[in-house]
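**Q** Data file query36.cif (mmCIF, C-alpha atoms) is appended below.
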data_start
loop_
_atom_site.label_atom_id
_atom_site.label_comp_id
_atom_site.auth_asym_id
_atom_site.auth_seq_id
_atom_site.Cartn_x
_atom_site.Cartn_y
_atom_site.Cartn_z
CA MET A 1129 26.66 -65.67 -56.42
CA PRO A 1130 26.44 -61.87 -56.05
CA THR A 1131 27.86 -60.38 -52.87
CA ALA A 1132 26.63 -57.39 -50.96
CA THR A 1133 29.16 -54.53 -50.97
CA PRO A 1134 28.63 -51.59 -48.64
CA LEU A 1135 28.78 -48.19 -50.31
CA PRO A 1136 31.54 -45.81 -49.33
CA ALA A 1137 30.65 -42.78 -47.35
CA SER A 1138 31.00 -40.51 -50.39
CA THR A 1139 28.27 -42.41 -52.22
CA ALA A 1140 25.93 -42.30 -49.20
CA PRO A 1141 25.80 -38.62 -48.24
CA SER A 1142 22.71 -39.17 -46.13
CA ALA A 1143 24.76 -41.18 -43.64
CA THR A 1144 26.89 -38.15 -42.82
CA ARG A 1145 23.73 -36.10 -42.21
CA GLY A 1146 22.53 -38.69 -39.77
CA ALA A 1147 25.75 -38.39 -37.84
CA SER A 1148 25.38 -34.62 -37.54
CA GLY A 1149 22.07 -34.96 -35.73
CA ALA A 1150 19.81 -34.62 -38.77
CA ARG A 1151 17.49 -37.28 -39.98
CA PRO A 1152 19.34 -40.64 -39.69
CA ALA A 1153 20.10 -42.28 -43.01
CA PRO A 1154 19.15 -45.84 -43.87
CA LEU A 1155 21.92 -48.42 -44.22
CA MET A 1156 22.37 -49.38 -47.90
CA ALA A 1157 24.22 -52.14 -49.75
CA VAL A 1158 24.85 -53.25 -53.37
CA THR A 1159 23.78 -56.70 -54.42
CA GLY A 1160 25.23 -57.28 -57.85
CA THR A 1161 24.10 -54.24 -59.77
CA THR A 1162 21.13 -53.52 -57.51
CA LEU A 1163 21.06 -50.94 -54.70
CA VAL A 1164 18.98 -52.16 -51.77
CA ILE A 1165 18.10 -50.80 -48.32
CA ALA A 1166 19.42 -53.15 -45.68
CA SER A 1167 17.72 -51.52 -42.70
CA ALA A 1168 15.95 -48.33 -41.76
CA PRO A 1169 16.53 -47.02 -38.26
CA ALA A 1170 13.45 -45.88 -36.46
CA ARG A 1171 12.86 -42.15 -36.70
CA PRO A 1172 13.25 -40.45 -33.37
CA GLU A 1173 10.09 -38.78 -32.18
CA HIS A 1174 10.58 -35.05 -32.32
CA ARG A 1175 8.64 -32.99 -29.78
CA SER A 1176 8.52 -29.28 -29.52
CA PRO A 1177 10.49 -28.06 -26.50
CA THR A 1178 7.44 -26.02 -25.45
CA ALA A 1179 4.93 -28.90 -25.78
CA ARG A 1180 3.40 -30.04 -22.49
CA PRO A 1181 3.19 -33.71 -21.64
CA PRO A 1182 -0.36 -35.08 -21.81
CA ARG A 1183 -2.25 -34.85 -18.54
CA PRO A 1184 -3.24 -38.10 -16.91
CA ALA A 1185 -6.98 -38.76 -16.91
CA ARG A 1186 -8.64 -37.68 -13.68
CA ALA A 1187 -10.09 -40.48 -11.62
CA PRO A 1188 -13.88 -40.21 -11.33
CA GLY A 1189 -15.22 -38.91 -8.04
CA PRO A 1190 -16.89 -41.18 -5.49
CA TYR A 1191 -20.44 -40.23 -6.52
CA ARG A 1192 -19.67 -40.67 -10.21
CA ARG A 1193 -18.29 -44.15 -9.50
CA LEU A 1194 -21.33 -44.89 -7.40
CA PHE A 1195 -23.85 -44.08 -10.12
CA ALA A 1196 -21.81 -45.79 -12.81
CA LEU A 1197 -23.06 -49.10 -11.40
CA PRO A 1198 -25.82 -50.62 -13.55
CA GLY A 1199 -29.34 -49.84 -12.40
CA THR A 1200 -28.40 -47.35 -9.68
CA ARG A 1201 -29.59 -44.26 -11.53
CA GLY A 1202 -32.95 -45.84 -12.24
CA PHE A 1203 -33.87 -46.86 -8.71
CA THR A 1204 -32.42 -43.63 -7.31
CA THR A 1205 -34.72 -41.61 -9.58
CA GLY A 1206 -37.74 -43.45 -8.21
CA ASN A 1207 -36.34 -43.14 -4.70
CA LEU A 1208 -36.11 -39.35 -4.93
CA ILE A 1209 -39.59 -38.98 -6.44
CA ALA A 1210 -41.20 -41.16 -3.76
CA ARG A 1211 -39.20 -39.52 -0.99
CA LEU A 1212 -40.45 -35.96 -1.52
CA PRO A 1213 -43.99 -36.71 -0.24
CA MET A 1214 -42.49 -37.76 3.11
CA GLY A 1215 -42.07 -34.08 3.87
CA MET A 1216 -45.41 -33.11 2.30
CA PHE A 1217 -48.11 -35.26 3.88
CA GLY A 1218 -48.14 -33.85 7.41
CA VAL A 1219 -48.10 -30.19 6.38
CA SER A 1220 -50.65 -30.82 3.63
CA ALA A 1221 -53.04 -32.61 5.99
CA VAL A 1222 -52.85 -29.85 8.60
CA MET A 1223 -53.43 -27.07 6.08
CA MET A 1224 -56.23 -28.95 4.33
CA ILE A 1225 -58.13 -29.93 7.49
CA ALA A 1226 -57.63 -26.60 9.25
CA GLY A 1227 -58.62 -24.70 6.10
CA GLN A 1228 -61.81 -26.68 5.52
CA ARG A 1229 -62.86 -27.46 9.12
CA GLY A 1230 -61.44 -24.37 10.82
CA SER A 1231 -59.73 -26.35 13.61
CA TYR A 1232 -55.99 -26.71 14.06
CA ALA A 1233 -56.67 -28.90 17.09
CA LEU A 1234 -58.51 -31.41 14.91
CA ALA A 1235 -55.83 -31.23 12.24
CA GLY A 1236 -53.04 -31.81 14.75
CA ALA A 1237 -54.87 -34.71 16.35
CA VAL A 1238 -55.41 -36.42 12.99
CA VAL A 1239 -51.71 -36.13 12.13
CA ALA A 1240 -50.70 -37.34 15.60
CA VAL A 1241 -52.89 -40.44 15.25
CA GLY A 1242 -51.38 -41.06 11.82
CA LEU A 1243 -47.86 -40.91 13.27
CA ALA A 1244 -48.82 -43.31 16.04
CA ALA A 1245 -50.27 -45.72 13.48
CA THR A 1246 -47.07 -45.46 11.45
CA ALA A 1247 -44.98 -46.34 14.50
CA LEU A 1248 -47.00 -49.56 14.85
CA VAL A 1249 -47.48 -50.54 11.21
CA ALA A 1250 -44.22 -49.48 9.54
CA PRO A 1251 -41.98 -52.14 11.15
CA TRP A 1252 -44.42 -54.88 10.13
CA THR A 1253 -44.51 -53.55 6.57
CA ALA A 1254 -40.72 -53.52 6.52
CA ARG A 1255 -40.58 -57.11 7.78
CA LEU A 1256 -42.89 -58.21 4.96
CA VAL A 1257 -40.67 -56.36 2.47
CA ASP A 1258 -37.59 -58.25 3.72
CA ARG A 1259 -39.35 -61.62 3.62
CA HIS A 1260 -41.25 -61.35 0.34
CA GLY A 1261 -39.41 -58.75 -1.73
CA GLN A 1262 -39.67 -55.02 -2.27
CA ALA A 1263 -41.83 -54.98 -5.39
CA ARG A 1264 -44.19 -57.67 -4.12
CA VAL A 1265 -44.99 -55.83 -0.87
CA ALA A 1266 -44.16 -52.15 -1.45
CA LEU A 1267 -46.57 -51.64 -4.35
CA PRO A 1268 -49.71 -52.98 -2.58
CA ALA A 1269 -48.74 -51.13 0.60
CA THR A 1270 -48.32 -47.91 -1.41
CA LEU A 1271 -51.70 -48.37 -3.04
CA ILE A 1272 -53.36 -48.67 0.39
CA ALA A 1273 -51.60 -45.50 1.54
CA VAL A 1274 -52.64 -43.61 -1.60
CA LEU A 1275 -56.25 -44.73 -1.17
CA GLY A 1276 -56.08 -43.48 2.41
CA SER A 1277 -54.94 -40.07 1.18
CA LEU A 1278 -57.71 -39.94 -1.41
CA SER A 1279 -60.24 -40.94 1.24
CA LEU A 1280 -58.99 -38.17 3.49
CA VAL A 1281 -59.47 -35.61 0.73
CA ALA A 1282 -62.98 -36.89 0.03
CA CYS A 1283 -63.97 -36.89 3.70
CA VAL A 1284 -62.66 -33.38 4.27
CA ARG A 1285 -64.29 -32.12 1.10
CA THR A 1286 -67.71 -33.64 1.82
CA GLY A 1287 -67.87 -32.76 5.52
CA ALA A 1288 -67.80 -36.36 6.70
CA PRO A 1289 -67.66 -37.09 10.46
CA ALA A 1290 -64.36 -36.44 12.21
CA TRP A 1291 -63.68 -40.12 12.87
CA THR A 1292 -63.44 -40.74 9.13
CA LEU A 1293 -60.52 -38.31 8.97
CA PHE A 1294 -58.68 -40.29 11.65
CA ALA A 1295 -59.37 -43.60 9.90
CA SER A 1296 -58.35 -42.30 6.48
CA TYR A 1297 -55.08 -40.77 7.62
CA ALA A 1298 -54.25 -43.87 9.69
CA ALA A 1299 -54.41 -45.91 6.48
CA THR A 1300 -51.41 -43.96 5.15
CA ALA A 1301 -49.30 -45.74 7.81
CA THR A 1302 -48.71 -48.54 5.29
CA THR A 1303 -46.41 -46.24 3.29
CA PRO A 1304 -43.18 -48.23 2.80
CA ASN A 1305 -39.91 -46.83 4.11
CA ILE A 1306 -38.40 -45.86 0.77
CA GLY A 1307 -35.18 -44.72 2.42
CA GLY A 1308 -34.70 -48.10 4.08
CA MET A 1309 -35.38 -49.99 0.87
CA SER A 1310 -32.92 -47.83 -1.05
CA ARG A 1311 -30.23 -48.27 1.61
CA ALA A 1312 -30.80 -52.03 1.49
CA ARG A 1313 -30.18 -51.99 -2.26
CA TRP A 1314 -26.92 -50.09 -1.84
CA THR A 1315 -25.82 -52.53 0.85
CA GLY A 1316 -26.40 -55.48 -1.44
CA LEU A 1317 -24.61 -53.85 -4.35
CA LEU A 1318 -21.57 -52.63 -2.42
CA LYS A 1319 -20.59 -55.68 -0.39
CA GLY A 1320 -16.88 -55.65 0.28
CA ASP A 1321 -16.49 -51.95 -0.57
CA PRO A 1322 -16.87 -49.99 2.68
CA ALA A 1323 -15.70 -46.71 1.15
CA ALA A 1324 -18.38 -46.82 -1.57
CA HIS A 1325 -20.97 -47.91 0.99
CA HIS A 1326 -20.10 -44.89 3.14
CA THR A 1327 -20.60 -42.64 0.11
CA ALA A 1328 -23.98 -44.26 -0.62
CA MET A 1329 -25.17 -43.82 2.97
CA SER A 1330 -24.09 -40.17 2.87
CA PHE A 1331 -26.09 -39.66 -0.32
CA GLU A 1332 -29.15 -41.26 1.28
CA GLN A 1333 -28.90 -38.93 4.27
CA ALA A 1334 -28.63 -35.94 1.96
CA ALA A 1335 -31.73 -37.18 0.11
CA ASP A 1336 -33.61 -37.36 3.43
CA GLU A 1337 -32.68 -33.78 4.23
CA LEU A 1338 -33.61 -32.62 0.74
CA ALA A 1339 -37.06 -34.21 1.04
CA PHE A 1340 -37.77 -32.64 4.42
CA MET A 1341 -36.46 -29.30 3.18
CA LEU A 1342 -38.43 -29.11 -0.08
CA GLY A 1343 -41.50 -31.13 0.94
CA PRO A 1344 -43.07 -28.64 3.37
CA VAL A 1345 -42.32 -25.75 1.02
CA ALA A 1346 -44.00 -27.53 -1.90
CA ALA A 1347 -46.97 -28.54 0.27
CA ALA A 1348 -47.53 -25.02 1.59
CA PHE A 1349 -47.34 -23.56 -1.90
CA LEU A 1350 -49.80 -26.06 -3.40
CA CYS A 1351 -52.29 -25.74 -0.54
CA THR A 1352 -52.30 -21.93 -0.66
CA ALA A 1353 -51.70 -21.09 -4.32
CA VAL A 1354 -53.77 -23.86 -5.93
CA PHE A 1355 -56.43 -25.29 -3.58
CA PRO A 1356 -56.34 -26.80 -0.06
CA GLU A 1357 -56.38 -30.42 -1.21
CA ALA A 1358 -53.64 -29.95 -3.83
CA GLY A 1359 -50.77 -30.78 -1.47
CA THR A 1360 -52.24 -34.14 -0.44
CA LEU A 1361 -53.18 -35.07 -4.01
CA ALA A 1362 -49.76 -34.14 -5.38
CA GLY A 1363 -48.05 -36.08 -2.60
CA ALA A 1364 -50.10 -39.19 -3.33
CA ALA A 1365 -49.34 -38.95 -7.05
CA LEU A 1366 -45.61 -38.52 -6.44
CA LEU A 1367 -45.53 -41.41 -3.98
CA LEU A 1368 -47.21 -43.82 -6.37
CA THR A 1369 -45.16 -42.69 -9.38
CA GLY A 1370 -41.88 -42.89 -7.52
CA MET A 1371 -42.64 -46.32 -6.10
CA LEU A 1372 -43.56 -47.65 -9.54
CA VAL A 1373 -40.24 -46.41 -10.95
CA PHE A 1374 -38.29 -47.69 -7.95
CA THR A 1375 -39.75 -51.21 -7.95
CA ALA A 1376 -39.51 -51.50 -11.75
CA HIS A 1377 -35.72 -51.87 -11.42
CA ARG A 1378 -35.69 -55.47 -10.24
CA ALA A 1379 -32.02 -56.22 -10.98
CA THR A 1380 -30.85 -54.22 -7.95
CA GLU A 1381 -33.55 -55.50 -5.60
CA PRO A 1382 -32.21 -57.56 -2.67
CA PRO A 1383 -33.42 -61.16 -2.74
CA PRO A 1384 -36.18 -61.92 -0.23
CA VAL A 1385 -35.20 -63.94 2.82
CA ALA A 1386 -37.96 -66.13 4.18
CA ALA A 1387 -36.51 -66.49 7.66
CA VAL A 1388 -33.39 -65.27 9.42
CA ARG A 1389 -32.04 -66.94 12.50
CA GLY A 1390 -30.81 -64.87 15.38
CA PRO A 1391 -32.18 -62.12 17.63
CA SER A 1392 -34.88 -59.79 16.35
CA PRO A 1393 -33.86 -56.34 15.08
CA LEU A 1394 -35.60 -54.81 18.09
CA ARG A 1395 -33.22 -56.70 20.37
CA SER A 1396 -30.16 -56.22 18.16
CA LEU A 1397 -30.68 -52.45 18.10
CA GLY A 1398 -31.28 -52.26 21.84
CA ARG A 1399 -28.33 -49.89 22.34
CA LEU A 1400 -28.96 -47.81 19.23
CA LEU A 1401 -32.72 -47.21 19.41
CA PRO A 1402 -32.42 -44.98 22.51
CA LEU A 1403 -29.80 -42.97 20.62
CA PHE A 1404 -32.16 -42.46 17.67
CA PHE A 1405 -34.97 -41.51 20.04
CA VAL A 1406 -32.81 -38.85 21.72
CA LEU A 1407 -31.69 -37.52 18.34
CA GLY A 1408 -35.36 -37.21 17.36
CA THR A 1409 -36.01 -35.34 20.62
CA MET A 1410 -33.23 -32.95 19.66
CA PHE A 1411 -34.73 -32.39 16.19
CA GLY A 1412 -38.26 -31.85 17.47
CA SER A 1413 -37.33 -29.46 20.28
CA LEU A 1414 -35.00 -27.44 18.05
CA GLU A 1415 -37.65 -26.99 15.34
CA ILE A 1416 -40.50 -25.98 17.65
CA THR A 1417 -38.29 -23.64 19.67
CA SER A 1418 -37.00 -21.94 16.52
CA VAL A 1419 -40.49 -21.43 15.14
CA ALA A 1420 -41.69 -20.00 18.47
CA HIS A 1421 -38.61 -17.78 18.85
CA LEU A 1422 -38.96 -16.24 15.39
CA GLY A 1423 -42.71 -15.85 15.84
CA GLY A 1424 -42.21 -14.10 19.16
CA GLN A 1425 -40.02 -11.54 17.43
CA GLY A 1426 -42.62 -10.94 14.73
CA LEU A 1427 -40.56 -12.88 12.18
CA GLY A 1428 -42.81 -15.88 11.78
CA ALA A 1429 -42.63 -15.59 7.99
CA LEU A 1430 -38.91 -16.37 8.21
CA SER A 1431 -39.43 -19.67 10.02
CA GLY A 1432 -39.54 -21.67 6.79
CA PRO A 1433 -36.41 -20.14 5.21
CA VAL A 1434 -34.41 -20.32 8.44
CA LEU A 1435 -35.30 -23.96 9.08
CA GLY A 1436 -34.70 -24.64 5.40
CA LEU A 1437 -31.20 -23.27 5.87
CA GLN A 1438 -30.64 -25.83 8.61
CA ALA A 1439 -31.79 -28.65 6.32
CA ALA A 1440 -29.67 -27.29 3.47
CA GLY A 1441 -26.61 -27.32 5.71
CA SER A 1442 -27.26 -30.93 6.62
CA CYS A 1443 -27.81 -31.88 2.97
CA ALA A 1444 -24.56 -30.23 1.84
CA ALA A 1445 -22.59 -31.68 4.74
CA GLY A 1446 -23.96 -35.14 4.00
CA LEU A 1447 -22.76 -34.99 0.40
CA LEU A 1448 -19.36 -33.69 1.48
CA TYR A 1449 -19.04 -36.32 4.20
CA GLY A 1450 -19.55 -38.99 1.56
CA THR A 1451 -16.25 -37.96 -0.08
CA LEU A 1452 -14.29 -38.11 3.20
CA ARG A 1453 -13.10 -40.90 5.44
CA PRO A 1454 -15.82 -41.82 7.95
CA ARG A 1455 -15.25 -40.78 11.55
CA PRO A 1456 -16.10 -42.73 14.72
CA LEU A 1457 -19.58 -42.15 16.08
CA PRO A 1458 -18.41 -40.52 19.36
CA THR A 1459 -16.37 -37.99 17.37
CA CYS A 1460 -19.39 -37.04 15.27
CA LEU A 1461 -21.59 -36.78 18.36
CA ALA A 1462 -19.05 -34.58 20.15
CA ALA A 1463 -19.09 -32.15 17.21
CA LEU A 1464 -22.90 -32.20 17.25
CA ALA A 1465 -23.01 -31.48 21.00
CA ALA A 1466 -20.75 -28.48 20.49
CA ALA A 1467 -22.79 -27.22 17.53
CA MET A 1468 -26.11 -27.47 19.41
CA VAL A 1469 -24.91 -24.87 21.90
CA LEU A 1470 -24.69 -22.29 19.11
CA PRO A 1471 -28.47 -21.74 18.57
CA TRP A 1472 -28.91 -21.21 22.30
CA ALA A 1473 -26.19 -18.57 22.34
CA ALA A 1474 -27.40 -16.98 19.10
CA ALA A 1475 -31.01 -16.73 20.33
CA ALA A 1476 -29.81 -14.68 23.30
CA THR A 1477 -28.57 -11.97 20.91
CA GLY A 1478 -32.10 -11.30 19.66
CA SER A 1479 -30.89 -11.12 16.05
CA VAL A 1480 -32.09 -13.41 13.29
CA LEU A 1481 -28.80 -13.55 11.34
CA PRO A 1482 -26.72 -15.17 14.13
CA LEU A 1483 -29.56 -17.64 14.73
CA ALA A 1484 -29.72 -18.54 11.04
CA LEU A 1485 -25.96 -19.12 10.92
CA ALA A 1486 -26.07 -21.15 14.13
CA LEU A 1487 -28.83 -23.37 12.72
CA LEU A 1488 -26.80 -23.79 9.53
CA ALA A 1489 -23.83 -24.98 11.60
CA ALA A 1490 -26.08 -27.27 13.65
CA GLY A 1491 -27.48 -28.79 10.47
CA MET A 1492 -24.00 -29.40 9.10
CA ALA A 1493 -23.06 -31.26 12.29
CA THR A 1494 -26.18 -33.42 12.05
CA ALA A 1495 -25.42 -35.23 8.78
CA PRO A 1496 -22.21 -37.04 9.86
CA VAL A 1497 -24.00 -38.30 12.98
CA MET A 1498 -26.95 -39.69 11.05
CA VAL A 1499 -24.76 -41.26 8.34
CA THR A 1500 -22.51 -42.93 10.90
CA ALA A 1501 -25.36 -44.05 13.17
CA MET A 1502 -27.30 -45.52 10.24
CA SER A 1503 -24.16 -47.35 9.13
CA ARG A 1504 -23.97 -48.99 12.57
CA ILE A 1505 -27.30 -50.68 11.80
CA HIS A 1506 -25.63 -52.66 9.01
CA THR A 1507 -23.21 -54.20 11.50
CA ALA A 1508 -25.93 -55.09 13.99
CA ILE A 1509 -28.68 -56.43 11.71
CA PRO A 1510 -28.57 -59.44 9.36
CA ALA A 1511 -28.91 -58.51 5.69
CA GLY A 1512 -32.24 -60.33 5.47
CA ARG A 1513 -33.85 -57.98 8.03
CA LEU A 1514 -32.04 -54.76 7.16
CA ASN A 1515 -35.10 -52.83 6.03
CA GLU A 1516 -36.93 -53.76 9.22
CA GLY A 1517 -34.01 -52.54 11.33
CA MET A 1518 -33.80 -49.22 9.49
CA THR A 1519 -37.55 -48.72 9.82
CA LEU A 1520 -37.29 -49.27 13.58
CA ALA A 1521 -34.60 -46.59 13.72
CA VAL A 1522 -36.76 -44.15 11.75
CA THR A 1523 -39.72 -44.95 14.00
CA ALA A 1524 -37.60 -44.17 17.06
CA ILE A 1525 -36.60 -40.85 15.49
CA PHE A 1526 -40.25 -39.93 14.81
CA ALA A 1527 -41.22 -40.87 18.36
CA GLY A 1528 -38.42 -38.65 19.63
CA ILE A 1529 -39.55 -35.78 17.42
CA ALA A 1530 -43.04 -36.01 18.90
CA ALA A 1531 -41.66 -36.09 22.45
CA GLY A 1532 -39.26 -33.24 21.78
CA SER A 1533 -41.96 -31.09 20.21
CA ALA A 1534 -44.30 -31.63 23.16
CA THR A 1535 -41.57 -30.95 25.74
CA ALA A 1536 -40.40 -27.82 23.96
CA GLY A 1537 -43.96 -26.55 23.63
CA ALA A 1538 -44.52 -26.86 27.38
CA ALA A 1539 -41.17 -25.20 28.10
CA ILE A 1540 -41.98 -22.28 25.78
CA ASP A 1541 -45.25 -21.62 27.60
CA HIS A 1542 -43.44 -21.36 30.95
CA LEU A 1543 -39.93 -20.13 30.12
CA GLY A 1544 -40.25 -18.03 26.97
CA THR A 1545 -38.62 -18.71 23.61
CA THR A 1546 -34.89 -18.51 24.42
CA ALA A 1547 -34.35 -20.82 27.41
CA PRO A 1548 -35.91 -23.86 25.65
CA TYR A 1549 -32.92 -23.89 23.28
CA ALA A 1550 -31.23 -25.67 26.18
CA LEU A 1551 -33.37 -28.74 25.36
CA PRO A 1552 -31.68 -29.65 22.03
CA ALA A 1553 -28.29 -28.88 23.56
CA ALA A 1554 -29.02 -31.22 26.48
CA ALA A 1555 -30.37 -33.89 24.12
CA ALA A 1556 -27.14 -33.73 22.11
CA LEU A 1557 -25.12 -34.30 25.30
CA VAL A 1558 -27.29 -37.29 26.21
CA ALA A 1559 -26.84 -38.62 22.67
CA LEU A 1560 -23.07 -38.30 23.09
CA GLY A 1561 -23.19 -40.44 26.21
CA LEU A 1562 -25.44 -43.06 24.60
CA GLY A 1563 -23.41 -43.14 21.40
CA SER A 1564 -20.12 -43.51 23.24
CA THR A 1565 -21.53 -46.40 25.27
CA ALA A 1566 -22.86 -48.14 22.16
CA PHE A 1567 -19.54 -47.59 20.37
CA ARG A 1568 -17.56 -49.15 23.21
CA ALA A 1569 -19.95 -52.08 23.44
CA VAL A 1570 -19.61 -52.84 19.71
CA ASN A 1571 -15.83 -52.50 19.60
CA HIS A 1572 -15.18 -54.06 23.03
CA PRO A 1573 -17.94 -56.61 23.62
CA ALA A 1574 -16.42 -57.83 26.87
CA ALA A 1575 -16.75 -54.33 28.30
CA GLY A 1576 -20.34 -54.00 27.16
#
Mind converting the file's structure to C-alpha cells?
**A**
Amino acid sequence: MPTATPLPASTAPSATRGASGARPAPLMAVTGTTLVIASAPARPEHRSPTARPPRPARAPGPYRRLFALPGTRGFTTGNLIARLPMGMFGVSAVMMIAGQRGSYALAGAVVAVGLAATALVAPWTARLVDRHGQARVALPATLIAVLGSLSLVACVRTGAPAWTLFASYAATATTPNIGGMSRARWTGLLKGDPAAHHTAMSFEQAADELAFMLGPVAAAFLCTAVFPEAGTLAGAALLLTGMLVFTAHRATEPPPVAAVRGPSPLRSLGRLLPLFFVLGTMFGSLEITSVAHLGGQGLGALSGPVLGLQAAGSCAAGLLYGTLRPRPLPTCLAALAAAMVLPWAAAATGSVLPLALALLAAGMATAPVMVTAMSRIHTAIPAGRLNEGMTLAVTAIFAGIAAGSATAGAAIDHLGTTAPYALPAAAALVALGLGSTAFRAVNHPAAG
C-alpha cells in the first residue's frame, strides 16, 4: 500500500516563500509516484492601505419610511389634489359674485352662510363616513358639493335671484373632511408606532398649510386672468378628481364601525374644542389685522405674499417637526404665545420687513401646536369615530376664525391697524391656559 511522504523543503520552494510573507504555498505530499496537493490554505485578502472601508447604508428618513408603506402614496396623491380646493372655494366665490353682481356685501354673506351650513352638516357627514365607510359616503357627498358649486356658477351667470346663491353655496357644506379621512387612514396603518404616527400627523398639518397657502393664490389668478367663474369650476374639478383617486385606494381605508359605545365625540372633546376655537380666533384676527395694516400703509398688494410667508413657515415647520421628538402641548403653546407677540411689536415699527419676518416666526410656531393638539384627539376619541372627532375640531377652528375676523374688524375701525395685533397675542395666552388645563386633566385625571 503506497504511503504518503512529505517533500523536503528543498523540493517545495514555494513553502519558503509563504514563510517570508509572500503568497502561502500549498502543502504537498507524494503518494507512490504521484505528487498530490494535501491542502491549500486560504489566500489572505489583500487590501490597499489607502482603501476606505465601505460606508454603512444610510437608514431611510422618517418620511421615506412612511411612504414606503403600501398604498400610502396613492391615497396621499388624491388627498393633496382634493385638499387644494379647500383654500380656493371661499376666495373664488367672493371674487365671482362681487365681479358679476357688484356687491361684496352679498358675496360675504353668501360665504358666511356656507360656513355656517358647513359647521352644521360636516360633523354629520363625518359620522356617516365612520359608520359606513369613506368611499361609500365621501363620493356621494362630494358629488352633491360639486353640483352645488356648478349651480352657484349658473345662478351667478344667469342673474338668478340672490336666494339661489345662498342655497347653492350651502349645498357645498357636504364636502367631506379630506384631512380627517386621511388622518384616520394613517392612524389605522400606524397602530403601535407612535413615532411614525407623529411624522404622519406632521405631514398632514403641512398639507393643510400648503392648501391654504396655494389655494387663494390659484383662485385669485384663475378668477382674474381667465374668467370670474374659473376659480370655482377648477376647484370643483380638483375636488372630484382628488376624491376619486383617494377613495379608489380601498386597501388603506379604515373599516366602517356601525356603532361605538361610549361618550359622543362632542363630549369627549369637551376640553379640547374650546382650545381649537381660541386657536381659530387667533388665526382669524391675525389675518384680518395684517391685511388691514398693510392696506393702511398702501401695501395692500403685499398682503398675499406676506400671509403666504406665514403659511410657508408653518408648512416648513410642520415637516421639520415630523422628524423630531414630539413635545408636550403646553410647551408648544408657550412657544406660540411668545411668537404671537412678535407681529404686534413689528407692526409698531411701521416697516413691512420686520412684520413679514414676525409672521414667518409666528407661522413656524403654529405647526407644532396644531400637530400636537390634533394628536390629542386620537387619545380621546375611539377609532370608530375618529373622523367625526377631527371634523368637530376643524369646525371649532372655523367658528373661531369667523369670530376672530369679526372682532378684529371692529377693533380696527376703532383702534387703528396696530393695536388689534394684541388680539392674536391675547388669544395665544388664553390657548396656553386652556391647553395646560387639558394636558393636566389627561395626564392626571384625578386632578381634572
**Q** Would you please work out which residue, of A:Ala1527, A:Leu1551, A:Ala1465, A:Leu1457, is nearest to A:Ser1564 when using all atoms listed in the file?
**A**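 For A:Ser1564, the nearest of the given residues is A:Leu1457.
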**Q** Using all atoms listed in the file and a cutoff of 7 Å, can you tell me which residues are near (-38.6, -53.4, 8.7) in the file's coordinates, and write them out as a compact mmCIF listing (two decimals) with C-alpha atoms, in the coordinates of the input?
**A**
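Output saved as result_24.txt:
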# COMPACT_ATOMS: atom_id res chain seq x y z
CA ALA A 1250 -44.22 -49.48 9.54
CA PRO A 1251 -41.98 -52.14 11.15
CA TRP A 1252 -44.42 -54.88 10.13
CA THR A 1253 -44.51 -53.55 6.57
CA ALA A 1254 -40.72 -53.52 6.52
CA ARG A 1255 -40.58 -57.11 7.78
CA ARG A 1513 -33.85 -57.98 8.03
CA LEU A 1514 -32.04 -54.76 7.16
CA ASN A 1515 -35.10 -52.83 6.03
CA GLU A 1516 -36.93 -53.76 9.22
CA GLY A 1517 -34.01 -52.54 11.33
CA MET A 1518 -33.80 -49.22 9.49
CA THR A 1519 -37.55 -48.72 9.82
CA LEU A 1520 -37.29 -49.27 13.58
**Q** If we count all atoms listed in the file and set the cut-off at 12 Å, which residues sit around A:Pro1383, ignoring sequence neighbours fewer than 6 positions away in its own chain? Please answer as a ChimeraX atom specification.
**A** /A:1257-1264,1309,1312-1313,1316-1317,1511-1514
**Q** The PyMOL selection byres ((chain A and resi 1544) around 12) on the file shown: which residues, as a list of chain:residue names?
**A**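 After applying the PyMOL selection byres ((chain A and resi 1544) around 12), what remains is A:Thr1417, A:Ser1418, A:Ala1420, A:His1421, A:Leu1422, A:Gly1423, A:Gly1424, A:Gln1425, A:Ala1475, A:Ala1476, A:Ala1536, A:Gly1537, A:Ala1538, A:Ala1539, A:Ile1540, A:Asp1541, A:His1542, A:Leu1543, A:Thr1545, A:Thr1546, A:Ala1547, A:Pro1548, A:Tyr1549, A:Ala1550.
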**Q** Do you have the atom CA of A:Ala1556-atom CA of A:Arg1395 distance handy?
**A**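 Between atom CA of A:Ala1556 and atom CA of A:Arg1395 the gap works out to 23.8 Å.
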**Q** Using the chain letters and numbers from the file, give me the residues hit by the PyMOL selection byres ((chain A and resi 1205-1215) around 9), as number ranges by chain.
**A** A: 1200-1204, 1216-1219, 1305-1307, 1309-1310, 1335-1336, 1338-1347, 1360, 1362-1376
**Q** Selection in question (the file shown): the PyMOL selection byres ((chain A and resi 1555) around 8). Which residues does it include, as a PDB file with C-alpha atoms, keeping the file's coordinate frame?
**A**
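Heads up, here's the output in result_7.pdb:
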ATOM      1  CA  VAL A1406     -32.810 -38.850  21.720  1.00  0.00           C
ATOM      2  CA  LEU A1407     -31.690 -37.520  18.340  1.00  0.00           C
ATOM      3  CA  THR A1409     -36.010 -35.340  20.620  1.00  0.00           C
ATOM      4  CA  MET A1410     -33.230 -32.950  19.660  1.00  0.00           C
ATOM      5  CA  LEU A1551     -33.370 -28.740  25.360  1.00  0.00           C
ATOM      6  CA  PRO A1552     -31.680 -29.650  22.030  1.00  0.00           C
ATOM      7  CA  ALA A1553     -28.290 -28.880  23.560  1.00  0.00           C
ATOM      8  CA  ALA A1554     -29.020 -31.220  26.480  1.00  0.00           C
ATOM      9  CA  ALA A1556     -27.140 -33.730  22.110  1.00  0.00           C
ATOM     10  CA  LEU A1557     -25.120 -34.300  25.300  1.00  0.00           C
ATOM     11  CA  VAL A1558     -27.290 -37.290  26.210  1.00  0.00           C
ATOM     12  CA  ALA A1559     -26.840 -38.620  22.670  1.00  0.00           C
TER      13      ALA A1559
END
**Q** Quick check, in Å to one decimal: how far apart do atom CA of A:Thr1380 and atom CA of A:Ala1445 lie?
**A**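 Rounded to one decimal, the two atoms are 27.2 Å apart.
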**Q** If you measure from atom CA of A:Gly1432 to atom CA of A:Leu1414, what distance in Å do you get, rounded to one decimal?
**A**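 Going from atom CA of A:Gly1432 over to atom CA of A:Leu1414, I get 13.4 Å.
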